[in-house]
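*Asks:* Here's a structure for you.
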Amino acid sequence: MFSEKANKIFQDVINTYHVLNTVDQPFNNIYNKEKNLLEHLLYRKCWIDTVQWHYEDIIRDPQIDPVAALKLKRQIDASNQDRTDMVEYIDSYFLEKHKEVSVKKNATINTESPAWGIDRLSILALKVYHMNEEATRTNATDVHKAACQKKLDILLEQRVDLSTAIDTLLNDIANGDKYMKVYKQMKMYNDDELNPVLRNQK
């Protein structure tokens, strides 16, 4: 099943990141883009999410230097754009893969595309990893660990449900029971012409 592959890749990414455990480490995609395009995209997607997860931790430091905070905010903005781009690349992959499928007359479109479900699955992998850290942290209280274990149990159940939903959607698309479209995000705040603040700087 697709989700089994995706969840394994996400876990590999998160484990690899935490060997050095720094946002400044170099990125090395272990999957060749030409030979394993889907795996390449999934690995890249989760790496972006993992780095951004830790950006978000750092910027919440109440003692952070304002200049450093502004720099980090710019990095988070760029990371968000990369994340959105990767979602669109993944959706384009599935659109190309299923372009010859004969869509049934009564086929329906889903509320979200496959890649946006995959986006949530990648974030969920990060939640599972870090909640497990908290549930097993040796210097935490028993009360804290027990509370985190309850949350972890819910996250694991959620991962099963989300994985099943994604697999079902991809199967329905392959069978022509569902169809998909790729809508570009058309974000306005990064565009020199659409953001009035940026436009007025010209």
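We name chains A, B, ... following the order of the structure tokens; residues begin at 1 in each chain, and ligands are numbered from 1 as shown.
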Pull the helix (DSSP H, G or I) assignments for region 22-187 of chain A out of DSSP run on the backbone, and list those residues as a PyMOL selection string.
*Replies:* chain A and resi 37-59+66-97+114-135+142-175
*Asks:* With a distance cut-off of 7 Å and only C-alpha atoms, select the neighbouring residues of Leu42 (chain A), excluding the residue or stretch itself and same-chain residues fewer than 4 positions from it, and output the selection as a PyMOL selection string.
*Replies:* chain A and resi 6+38+46
*Asks:* Restrict the selected residues to C-alpha atoms and save them as an mmCIF file, in the first residue's frame.
*Replies:*
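File written: selection35.cif
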```cif
data_model
loop_
_atom_site.group_PDB
_atom_site.id
_atom_site.type_symbol
_atom_site.label_atom_id
_atom_site.label_comp_id
_atom_site.auth_asym_id
_atom_site.auth_seq_id
_atom_site.Cartn_x
_atom_site.Cartn_y
_atom_site.Cartn_z
ATOM 1 C CA ALA A 6 5.200 6.860 2.703
ATOM 2 C CA LEU A 38 7.756 9.429 -5.942
ATOM 3 C CA CYS A 46 9.185 15.323 4.894
#
```
*Asks:* Pick out the closest residue to Val51 (chain A) from this set: A:Ser92, A:Asn7, A:Met86, A:Leu126. Count only C-alpha atoms.
*Replies:*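 Of A:Ser92, A:Asn7, A:Met86, A:Leu126, the one nearest Val51 (chain A), counting only C-alpha atoms, is A:Leu126.
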*Asks:* When DSSP is applied to the backbone of this structure, which of chain A are assigned strand (DSSP E)? Write them out as a ChimeraX atom specification.
*Replies:* /A:108-109,178-179
*Asks:* Keeping only N, CA and C atoms, write the selected residues as a PDB file, in the first residue's frame.
*Replies:*
```
ATOM      1  N   THR A 108     -16.664  11.360  -8.403  1.00  0.00           N
ATOM      2  CA  THR A 108     -16.707  12.611  -7.637  1.00  0.00           C
ATOM      3  C   THR A 108     -15.291  13.062  -7.294  1.00  0.00           C
ATOM      4  N   ILE A 109     -15.172  14.338  -6.940  1.00  0.00           N
ATOM      5  CA  ILE A 109     -13.882  14.873  -6.529  1.00  0.00           C
ATOM      6  C   ILE A 109     -13.817  14.911  -5.011  1.00  0.00           C
ATOM      7  N   LYS A 178     -13.066   8.275  -8.388  1.00  0.00           N
ATOM      8  CA  LYS A 178     -12.788   9.650  -7.989  1.00  0.00           C
ATOM      9  C   LYS A 178     -11.906  10.269  -9.069  1.00  0.00           C
ATOM     10  N   TYR A 179     -11.938  11.573  -9.162  1.00  0.00           N
ATOM     11  CA  TYR A 179     -11.000  12.259 -10.043  1.00  0.00           C
ATOM     12  C   TYR A 179     -10.350  13.384  -9.263  1.00  0.00           C
TER      13      TYR A 179
END
```
*Asks:* What's around region 95-98 of chain A at 10 Å? Count only C-alpha atoms, leave out sequence neighbours fewer than 2 positions away in its own chain, and write the answer as a PyMOL selection string.
*Replies:* chain A and resi 89-93+100-103+114+170+173-176+179-182
*Asks:* How far is it from CA of Glu133 (chain A) to CA of Val13 (chain A), in Å with one decimal?
*Replies:* 16.2 Å
*Asks:* Let me make sure I understand: among A:Asn15, A:Phe10, A:Lys184, A:Ser3, which one has the smallest atom-to-atom distance to His40 (chain A) if we use only C-alpha atoms?
*Replies:*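 Counting only C-alpha atoms, the residue closest to His40 (chain A) is A:Phe10.
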*Asks:* Do you know which residues are at most 12 Å from Leu41 (chain A) counting only C-alpha atoms, after dropping those on the same chain fewer than 2 positions away, and could you put them as a VMD selection string?
*Replies:* chain A and resid 6 9 to 10 13 29 to 39 43 to 48 82 to 83 85 to 94 115 118 to 119 122
*Asks:* Tell me, as an mmCIF file with C-alpha atoms, in the first residue's frame, which residues lie within 12 Å of region 64-75 of chain A, counting only C-alpha atoms; anything in the same chain fewer than 5 positions away does not count.
*Replies:*
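For reference, out.cif as written:
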```
data_model
loop_
_atom_site.group_PDB
_atom_site.id
_atom_site.type_symbol
_atom_site.label_atom_id
_atom_site.label_comp_id
_atom_site.auth_asym_id
_atom_site.auth_seq_id
_atom_site.Cartn_x
_atom_site.Cartn_y
_atom_site.Cartn_z
ATOM 1 C CA VAL A 23 18.342 22.982 11.180
ATOM 2 C CA ASP A 24 21.665 23.943 9.583
ATOM 3 C CA ILE A 48 11.109 20.331 4.590
ATOM 4 C CA VAL A 51 13.313 21.372 9.406
ATOM 5 C CA GLN A 52 10.331 23.696 9.656
ATOM 6 C CA TRP A 53 9.091 21.869 12.771
ATOM 7 C CA HIS A 54 12.347 22.836 14.466
ATOM 8 C CA TYR A 55 12.294 26.364 13.053
ATOM 9 C CA GLU A 56 8.945 26.765 14.792
ATOM 10 C CA ASP A 57 10.451 25.558 18.077
ATOM 11 C CA ILE A 58 13.370 27.982 17.841
ATOM 12 C CA ILE A 59 11.332 31.071 16.999
ATOM 13 C CA ASN A 80 6.262 27.287 3.690
ATOM 14 C CA GLN A 81 6.598 28.087 0.005
ATOM 15 C CA ASP A 82 8.791 25.003 -0.513
ATOM 16 C CA ASN A 190 5.080 36.368 -1.970
#
```
*Asks:* Find, counting only C-alpha atoms, the residue in A:Lys8, A:Arg60, A:Arg120, A:Lys127 that gets nearest to Asp161 (chain A).
*Replies:*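 That would be A:Arg120, the residue with the smallest distance to Asp161 (chain A).
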*Asks:* Which polymer residues have any atom within 12 Å of an atom of Val160 (chain A), counting only C-alpha atoms, with same-chain residues fewer than 3 positions away left out, as a list of chain:residue names?
*Replies:*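 Here the qualifying residues turn out to be A:Ser3, A:Glu4, A:Asn7, A:Leu121, A:Leu124, A:Ala125, A:Val128, A:Asp153, A:Ile154, A:Leu155, A:Leu156, A:Glu157, A:Ser163, A:Thr164, A:Ala165, A:Ile166, A:Asp167.
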*Asks:* To one decimal in Å, tell me the separation between CA of Asn200 (chain A) and CA of Ala78 (chain A).
*Replies:* 21.2 Å
